[in-house]
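A.B. asks: Have a look at this one before I ask anything.
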4 protein chains.
Amino acid sequence: MTLKLGVIGTGAIGQEHIRRCSKVLQGATVVAVSDINLEGAKAALTRLGLQAEVYANGHDVVNSPDVDAVLVTSWDPTHEEFTLAAIAAGKSVFCEKPLAMTAEGCRRIVDAEMKFGKRLVQVGFMRPYDVGYRALKKVITDGEIGEPLMLHCAHRNPAVPESYTTDMAITSTLIHELDVLRWLTNDDYKTVQVVFPRVTSKTHARLKDPQIVLFETQKGIRIDVEIFVNCAYGYDIQCEVVGEEGIAKLPEPSAVQMRKSAQLSTSILTDWKDRFIDAYDVELQAFINDVSNGSLTGPSAWDGYAASVAADACLKAQNSGAIEPVELPPRPAFYDKA
Amino acid sequence: MTLKLGVIGTGAIGQEHIRRCSKVLQGATVVAVSDINLEGAKAALTRLGLQAEVYANGHDVVNSPDVDAVLVTSWDPTHEEFTLAAIAAGKSVFCEKPLAMTAEGCRRIVDAEMKFGKRLVQVGFMRPYDVGYRALKKVITDGEIGEPLMLHCAHRNPAVPESYTTDMAITSTLIHELDVLRWLTNDDYKTVQVVFPRVTSKTHARLKDPQIVLFETQKGIRIDVEIFVNCAYGYDIQCEVVGEEGIAKLPEPSAVQMRKSAQLSTSILTDWKDRFIDAYDVELQAFINDVSNGSLTGPSAWDGYAASVAADACLKAQNSGAIEPVELPPRPAFYDKA
Amino acid sequence: MTLKLGVIGTGAIGQEHIRRCSKVLQGATVVAVSDINLEGAKAALTRLGLQAEVYANGHDVVNSPDVDAVLVTSWDPTHEEFTLAAIAAGKSVFCEKPLAMTAEGCRRIVDAEMKFGKRLVQVGFMRPYDVGYRALKKVITDGEIGEPLMLHCAHRNPAVPESYTTDMAITSTLIHELDVLRWLTNDDYKTVQVVFPRVTSKTHARLKDPQIVLFETQKGIRIDVEIFVNCAYGYDIQCEVVGEEGIAKLPEPSAVQMRKSAQLSTSILTDWKDRFIDAYDVELQAFINDVSNGSLTGPSAWDGYAASVAADACLKAQNSGAIEPVELPPRPAFYDKA
Amino acid sequence: MTLKLGVIGTGAIGQEHIRRCSKVLQGATVVAVSDINLEGAKAALTRLGLQAEVYANGHDVVNSPDVDAVLVTSWDPTHEEFTLAAIAAGKSVFCEKPLAMTAEGCRRIVDAEMKFGKRLVQVGFMRPYDVGYRALKKVITDGEIGEPLMLHCAHRNPAVPESYTTDMAITSTLIHELDVLRWLTNDDYKTVQVVFPRVTSKTHARLKDPQIVLFETQKGIRIDVEIFVNCAYGYDIQCEVVGEEGIAKLPEPSAVQMRKSAQLSTSILTDWKDRFIDAYDVELQAFINDVSNGSLTGPSAWDGYAASVAADACLKAQNSGAIEPVELPPRPAFYDKA
């Protein structure tokens, strides 16, 4: 009845997920872990007060007969390999984003999963599990604003380190919008264009900041996403859906309203981890429940592939300045939702 | 066609009203002024670039054949005398609050006006001319919240000087609520009780601050008004009307919404003069128009009397700690609104 | 390591807690239940897909050697008896409110617990576990608004059935404020007064609705709580704390912001169960964790007693119309928080 | 001392301005009017209770020795002619938008005015006189959000008639943003692109609705303006300025906050006339004062020309789908603000 999990990679996010599955969520236990840093893996378990088999090689986790399902939280370039291994072993696998380093890599996972004949893969996109996005989607699905025509979005970080470069605005930041906006609109991207406003004085030579990404979807919805990762004032995720009958806006995080120092204010978060912390719990509980129930419903390998194809088009648009097509093949019936 | 005004008292508020009537409003001109400080009066006119007759005695203003209507903005203890003089001269008079120093004084004005047989007096209560209060009253009158059952109000100042004492919370501050809440609810006070919370450390020995004043009206509405004149954070007027069907709240002043320094905020005013500045214009324009049209509609001598009677009961309640009656006689038909 | 729970009473709230402890929370399992309706108890377990010992008598649950800790969710008049039995058995007990039917009953539990020598009792007040109230308390504790001077609160329900009478505004509704406001202010009530506004046309003969309850605390804080259980528009809990430096207000529940039909709006809850649903989870998880850690930290038997004493004073004030003392003895050192 | 105005064109807006200058504002009087419908002009004066000379020909108004300054509120295609006539007569002229039917026409006015050697022309762009836009500009000018990098704007109407076509989204609707955003940013447009989202089902064959217009300014600011004239829900003007340090948003119109029918709401305007009604007063009072003071400061002929050049580029971009340059020559020093 309890799902026995193997976790590949015990870095920061790996440890968070181990803690989550062991101490917060129901229906799972972590029975095996691996990390290239074997001692680090052991120390992590000790800190958490947990007992589990510790392997140096992620494939041993995948292949352990004790392991029912796998969490891939290792170094990004190894995601594809371990996810494919889990599929080969016929085990369900939750893979942190990115599913693979390239769209082709994602496609190989899609193909392997389809060949296996059953959904085994969930990608670690947590926003569809955020209570705010879910409420927003419900408003749309309930028809309260009519057909969506435009989305105005923003993804703002207070600051990023020097190592963050222009392309990472797409691959590390926008990647969340690339997934969640498809899910929200039940639509796919047709074209993308990137424009660069005057840069903020707070950025550095290798990062053009802010950027605005403009999409047209297959249904003709126009989406603009402002990415501003040195916005100074806070971590702020905005999403406004303009429909034929009205407009719905992603809820602001709940906060104490203050009257102080001639300001009527609520606080804005500054740390991204606080914004979607609850969504991680819901996401992994859904994975555990869905695996136990025999049918995955979360972000699929196809969704990971679609986000990767869109990201590639965005990167191309960053460089060309032109309107670039997003060339995603039609979704196989295999990935139709019930 | 142009109403010729005489202004008694050229202190701060007097000068403001002279400027307003001369440079902002339509349909009036200031033809005569007086002040016990004759030179000050002349200097004020010069600063404003205006020409008018200057008298040492307010009665000369009242009695000047050039003067159609009178503004009384002199020292508070002289209000009654000049207002009575205007009535005796059959001239319309706008008298700044307080109408008189005692309820009896207000009553003498009421009696004189009724004896004259026509409304001549408007008291300087400006809140009924505030666009926010008017919108709130419209919501009530339109029946959008059903019958009003409770009002929760607050009158907050950032700070007051040492000369401000406990009783002035009633006579200088609450006096505005005493008028506007009668107007808003179309009701009269039946009883009043004053309770004293723990005092703020920002007050001084002769001022208990904050205070809460609790009213029951003739219709049974319960009103609580928090008076907090050293609230530190701003000048803030709150009024929430709880009805059978819903709740309506006085609009916050319009302000730019900011996202900055981890705060989502709008600014709160700090100077009371900014809050009702527009209402003063509307109030005096209404007086000018109403006098020109031959029929006053603003706050009446009766309203001034009613506020004075209520204030007396509040002062008594401050001292007794008991629930005190507000003994206002029935309103004479003379003061029924059309 | 897993806490074995016995649940006395398998009505609505009992079933909810069984589900919660079995399917949502960590670290506990339900091993025994009882109900006067034995078949109902069995059916409830079946519906939840759980296995546990089923007893006709709650004392058998308390005394079962399998049971580590007890949840009392039975008929209100039996709460005291079972809580005392759990103390006698030296077992931790979570008792739904009310702890007992009278203040004297609560006092007997306090005395039994003190005699036993260790805290064993947590009362089912869930608001201190609500994320909004916790954020509000943090603002106060952090000194962001200075010393609290006044609280303006409201507890509004859209409607109540005919069986709800005037006294239940205190015992069923205000009881939550009676606990949470003590916790929020770290203070105790000194006096209470109840005033009755004009009644809403939506109430019935045996219910005066709305009511306003006015407290003075030991520190001199003034608290007003509007109770309006036929407010028509929604389930709405308001709490505003006015301090020396500023004002903090309980967060509104997070909601999608809509622009539609000439309204800029967010929805208000209508079902009380939605408002504190998450707090119930946090509350019981805290109980499970605290029992496992050997030291209870939640609402204590003393808190239950204090709420009961305050409720009695409120009921007296409803009838007398006078300012009534709240005669709570000094808190024994036994109940001091770490 | 009183400015004697002549008004050319007594249609709806002409009558409004006559009423405004005669009955609301200070320092002006309407002494002459003209309209091709002579009887209509006379009837309008009668309705307003005013006396003025009535001419059939606007040039008679311009040339009347009684007239100090001219308001041009006639049929759009005659604006250029009468404005040029006023310049030729050396009289100040307030010309409703559009200043002329083409950019070339506007240029002719600019050239005539420069040749005359003194600013005589104010164009009827009222948004810079709106209290909200002024507050927003102050925040920017005060440096509270650092350098502006992006503007997100929307101009929404509940509905438009069948006669409103795609190009009118630029010439009748966006024209206000074209002016006010230059003023707000103190910048000029460099390029423009128009994208067409999926159309609303509420539009008709000759109107693509909504549209999104994307600007790059000379300083590199990126501006997006959503134009949605069948948005169904209300008349709603949005403007958000994203700067290096924070974000400032145009105030929402002040409104009563309601709790009713499970909604926490404020009302949204539905009639554009209510949104900027006060700004018209401020705008014309400024014209009157500036003419009286001998120095115009409001929207200039150059501003009218700049808006016209930008509108032409927008129309081109609507048709081409490409990024079009906005080819405004450098501003002559003649038009530098003090």
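Chain labels run A, B, ... following the order of the structure tokens; each chain numbers its residues from 1, and ligands are numbered from 1 in the order shown.
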Select all residues from chain A having any atom no more than 12 Å from an atom of chain C (counting only C-alpha atoms, ignoring ligands), output as JSON, numbers by chain.
C.D. replies: {"A": [2, 20, 21, 22, 23, 24, 25, 26, 27, 28, 29, 131, 132, 133, 134, 135, 136, 137, 138, 139, 140, 144, 145, 146, 238, 239, 240, 241, 242, 243, 244, 245, 246, 247, 248, 249, 250, 251, 252, 253, 254, 255, 256, 257, 258, 259, 260, 261, 262, 263, 264, 265, 266, 267, 278, 281, 282, 285, 289]}
A.B. asks: Suppose you want the space between atom CA of B:Asp142 and atom CA of B:His176; what is it in Å?
C.D. replies: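 Pair atom CA of B:Asp142 / atom CA of B:His176 returns 23.9 Å.
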A.B. asks: Residues at most 7 Å from C:Asn230, counting only C-alpha atoms, excluding those fewer than 6 positions away in the same chain, as a VMD selection string?
C.D. replies: chain C and resid 157 to 160 202 to 203
A.B. asks: Restricted to N, CA and C atoms, what would the selected residues look like written as a PDB file, in the first residue's frame?
C.D. replies:
```
ATOM      1  N   ASN C 157     -21.868  35.026   9.280  1.00  0.00           N
ATOM      2  CA  ASN C 157     -22.366  33.836   8.576  1.00  0.00           C
ATOM      3  C   ASN C 157     -23.452  34.270   7.604  1.00  0.00           C
ATOM      4  N   PRO C 158     -23.586  33.611   6.486  1.00  0.00           N
ATOM      5  CA  PRO C 158     -24.674  34.019   5.580  1.00  0.00           C
ATOM      6  C   PRO C 158     -26.054  33.804   6.188  1.00  0.00           C
ATOM      7  N   ALA C 159     -26.235  32.687   6.905  1.00  0.00           N
ATOM      8  CA  ALA C 159     -27.549  32.404   7.485  1.00  0.00           C
ATOM      9  C   ALA C 159     -27.410  31.295   8.512  1.00  0.00           C
ATOM     10  N   VAL C 160     -28.359  31.232   9.432  1.00  0.00           N
ATOM     11  CA  VAL C 160     -28.400  30.129  10.401  1.00  0.00           C
ATOM     12  C   VAL C 160     -29.807  29.567  10.426  1.00  0.00           C
ATOM     13  N   LYS C 202     -34.023  39.329   8.445  1.00  0.00           N
ATOM     14  CA  LYS C 202     -33.796  37.940   8.046  1.00  0.00           C
ATOM     15  C   LYS C 202     -33.707  36.985   9.241  1.00  0.00           C
ATOM     16  N   THR C 203     -33.824  37.517  10.463  1.00  0.00           N
ATOM     17  CA  THR C 203     -33.725  36.638  11.621  1.00  0.00           C
ATOM     18  C   THR C 203     -35.125  36.192  12.056  1.00  0.00           C
TER      19      THR C 203
END
```
A.B. asks: If DSSP is run on the backbone, what residues of stretch 84-247 of chain C are strand (DSSP E)? A reply as an NGL selection string would be ideal.
C.D. replies: :C and (92-95 or 121-123 or 148-156 or 189-195 or 211-217 or 222-228 or 236-243 or 246-247)
A.B. asks: Mind pulling up the distance from atom CA of C:Val121 to atom CA of C:Ala41?
C.D. replies: 24.2 Å
A.B. asks: Please measure the separation of atom CA of A:Lys337 and atom CA of D:Thr200, giving the value in Å to one decimal.
C.D. replies: 27.6 Å
A.B. asks: At a cut-off of 6 Å, using only C-alpha atoms, what residues contact A:Ala100? Leave out same-chain residues fewer than 2 positions from it and give the result as an NGL selection string.
C.D. replies: :A and (79-80 or 98 or 102 or 105-106)
A.B. asks: Write a file of the selected residues as a compact mmCIF listing (two decimals), in the first residue's frame, keeping all heavy atoms.
C.D. replies:
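result.txt, freshly written:
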```txt
# COMPACT_ATOMS: atom_id res chain seq x y z
N HIS A 79 19.25 13.64 -16.44
CA HIS A 79 17.80 13.38 -16.33
C HIS A 79 17.31 12.39 -17.37
O HIS A 79 16.57 11.46 -17.06
CB HIS A 79 17.02 14.70 -16.45
CG HIS A 79 17.12 15.58 -15.23
ND1 HIS A 79 16.37 16.72 -15.07
CD2 HIS A 79 17.89 15.50 -14.12
CE1 HIS A 79 16.67 17.30 -13.91
NE2 HIS A 79 17.60 16.58 -13.33
N GLU A 80 17.72 12.64 -18.62
CA GLU A 80 17.22 11.79 -19.71
C GLU A 80 17.60 10.34 -19.48
O GLU A 80 16.75 9.44 -19.58
CB GLU A 80 17.78 12.29 -21.05
CG GLU A 80 17.31 11.45 -22.23
CD GLU A 80 17.95 11.87 -23.55
OE1 GLU A 80 18.58 12.94 -23.61
OE2 GLU A 80 17.82 11.09 -24.53
N PRO A 98 14.82 20.11 -16.18
CA PRO A 98 14.29 19.73 -17.50
C PRO A 98 14.27 18.21 -17.66
O PRO A 98 15.12 17.51 -17.10
CB PRO A 98 15.28 20.35 -18.46
CG PRO A 98 16.59 20.28 -17.73
CD PRO A 98 16.25 20.48 -16.28
N THR A 102 17.74 18.60 -24.42
CA THR A 102 17.30 19.05 -25.74
C THR A 102 15.89 18.54 -26.01
O THR A 102 15.42 17.59 -25.36
CB THR A 102 18.22 18.48 -26.85
OG1 THR A 102 18.11 17.05 -26.81
CG2 THR A 102 19.68 18.89 -26.64
N GLY A 105 16.11 14.97 -26.91
CA GLY A 105 16.16 14.11 -25.73
C GLY A 105 14.79 13.87 -25.15
O GLY A 105 14.42 12.74 -24.80
N CYS A 106 14.00 14.91 -25.05
CA CYS A 106 12.62 14.76 -24.56
C CYS A 106 11.83 13.83 -25.47
O CYS A 106 11.06 12.97 -25.01
CB CYS A 106 11.93 16.12 -24.50
SG CYS A 106 12.62 17.27 -23.29
```
A.B. asks: Can you list, as an NGL selection string, every protein, DNA or RNA residue that comes within 8 Å of stretch 219-228 of chain A when you count only C-alpha atoms, leaving out same-chain residues fewer than 6 positions away?
C.D. replies: (:A and (148-157 or 169 or 173-174 or 187-188 or 209-213)) or (:D and (196-198))
A.B. asks: Enumerate as an NGL selection string all residues of stretch 20-218 of chain D assigned to helix (DSSP H, G or I) by DSSP on the backbone, naming them with the chain letters and numbers the document uses.
C.D. replies: :D and (20-23 or 38-48 or 58-63 or 76-88 or 103-116 or 127-129 or 131-141 or 168-185)
A.B. asks: Can you list, as a VMD selection string, every protein, DNA or RNA residue that comes within 9 Å of A:Lys42 when you count only C-alpha atoms, leaving out same-chain residues fewer than 5 positions away?
C.D. replies: chain A and resid 33 37 47 52 54
A.B. asks: Now that the selection is made, can you save its residues with N, CA and C atoms as a PDB file, in the first residue's frame?
C.D. replies:
```pdb
ATOM      1  N   VAL A  33      18.373   5.673  -2.162  1.00  0.00           N
ATOM      2  CA  VAL A  33      18.828   6.936  -2.746  1.00  0.00           C
ATOM      3  C   VAL A  33      20.188   6.706  -3.398  1.00  0.00           C
ATOM      4  N   ASN A  37      28.032  11.807  -4.925  1.00  0.00           N
ATOM      5  CA  ASN A  37      28.698  12.063  -3.641  1.00  0.00           C
ATOM      6  C   ASN A  37      28.063  11.138  -2.605  1.00  0.00           C
ATOM      7  N   ARG A  47      20.796  13.433   8.598  1.00  0.00           N
ATOM      8  CA  ARG A  47      20.181  14.695   9.028  1.00  0.00           C
ATOM      9  C   ARG A  47      18.664  14.594   9.113  1.00  0.00           C
ATOM     10  N   ALA A  52      17.670   4.310   4.536  1.00  0.00           N
ATOM     11  CA  ALA A  52      17.392   3.857   3.168  1.00  0.00           C
ATOM     12  C   ALA A  52      18.682   3.300   2.600  1.00  0.00           C
ATOM     13  N   VAL A  54      21.709   3.152   0.198  1.00  0.00           N
ATOM     14  CA  VAL A  54      22.422   4.231  -0.482  1.00  0.00           C
ATOM     15  C   VAL A  54      23.323   3.647  -1.575  1.00  0.00           C
TER      16      VAL A  54
END
```
A.B. asks: So which residues touch C:Asp111 within 12 Å, counting only C-alpha atoms, skipping near sequence neighbours fewer than 5 positions away, as a list in words?
C.D. replies: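 Near neighbours after the sequence-gap exclusion: Leu84, Ile87, Ala88, Glu104, Gly105, Cys106, Phe116, Gly117, Lys118, Arg119, Leu120, Val121, Ala301, Trp302, Tyr305, Pro332, Phe334 and Tyr335 of chain C.
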A.B. asks: Output N, CA and C atoms of each residue in that selection to a file, as an mmCIF file, in the first residue's frame.
C.D. replies:
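Below you can see selection.cif, which holds the result:
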```cif
data_model
loop_
_atom_site.group_PDB
_atom_site.id
_atom_site.type_symbol
_atom_site.label_atom_id
_atom_site.label_comp_id
_atom_site.auth_asym_id
_atom_site.auth_seq_id
_atom_site.Cartn_x
_atom_site.Cartn_y
_atom_site.Cartn_z
ATOM 1 N N LEU C 84 -11.667 13.604 31.226
ATOM 2 C CA LEU C 84 -11.205 13.222 32.564
ATOM 3 C C LEU C 84 -10.725 11.768 32.578
ATOM 4 N N ILE C 87 -7.256 11.588 31.123
ATOM 5 C CA ILE C 87 -6.269 12.068 32.096
ATOM 6 C C ILE C 87 -6.004 10.982 33.146
ATOM 7 N N ALA C 88 -7.086 10.390 33.623
ATOM 8 C CA ALA C 88 -6.946 9.332 34.625
ATOM 9 C C ALA C 88 -6.085 8.186 34.089
ATOM 10 N N GLU C 104 -17.231 25.278 35.370
ATOM 11 C CA GLU C 104 -16.847 24.405 36.468
ATOM 12 C C GLU C 104 -16.326 23.074 35.923
ATOM 13 N N GLY C 105 -16.990 22.570 34.891
ATOM 14 C CA GLY C 105 -16.528 21.325 34.258
ATOM 15 C C GLY C 105 -15.121 21.488 33.696
ATOM 16 N N CYS C 106 -14.893 22.603 33.027
ATOM 17 C CA CYS C 106 -13.545 22.859 32.498
ATOM 18 C C CYS C 106 -12.535 22.912 33.639
ATOM 19 N N PHE C 116 -2.350 15.470 37.827
ATOM 20 C CA PHE C 116 -1.566 14.445 37.126
ATOM 21 C C PHE C 116 -0.117 14.924 36.952
ATOM 22 N N GLY C 117 0.047 16.240 36.755
ATOM 23 C CA GLY C 117 1.407 16.790 36.768
ATOM 24 C C GLY C 117 2.024 17.055 35.411
ATOM 25 N N LYS C 118 1.265 16.876 34.346
ATOM 26 C CA LYS C 118 1.818 17.076 32.996
ATOM 27 C C LYS C 118 0.659 17.404 32.066
ATOM 28 N N ARG C 119 0.904 18.296 31.094
ATOM 29 C CA ARG C 119 -0.170 18.628 30.159
ATOM 30 C C ARG C 119 -0.529 17.421 29.302
ATOM 31 N N LEU C 120 -1.797 17.085 29.308
ATOM 32 C CA LEU C 120 -2.297 15.961 28.493
ATOM 33 C C LEU C 120 -3.391 16.408 27.524
ATOM 34 N N VAL C 121 -3.932 17.600 27.731
ATOM 35 C CA VAL C 121 -5.158 18.004 27.030
ATOM 36 C C VAL C 121 -4.878 19.101 26.003
ATOM 37 N N ALA C 301 -6.143 22.983 28.387
ATOM 38 C CA ALA C 301 -7.344 22.915 29.214
ATOM 39 C C ALA C 301 -7.604 24.281 29.847
ATOM 40 N N TRP C 302 -6.539 24.973 30.219
ATOM 41 C CA TRP C 302 -6.717 26.318 30.779
ATOM 42 C C TRP C 302 -7.353 27.253 29.753
ATOM 43 N N TYR C 305 -10.903 26.482 29.644
ATOM 44 C CA TYR C 305 -11.548 27.033 30.844
ATOM 45 C C TYR C 305 -11.738 28.549 30.701
ATOM 46 N N PRO C 332 -2.377 29.501 36.491
ATOM 47 C CA PRO C 332 -1.349 28.776 37.247
ATOM 48 C C PRO C 332 -0.055 28.697 36.429
ATOM 49 N N PHE C 334 1.719 26.327 36.026
ATOM 50 C CA PHE C 334 1.662 25.057 35.286
ATOM 51 C C PHE C 334 1.367 25.292 33.810
ATOM 52 N N TYR C 335 0.580 26.333 33.501
ATOM 53 C CA TYR C 335 0.153 26.569 32.120
ATOM 54 C C TYR C 335 0.990 27.635 31.411
#
```
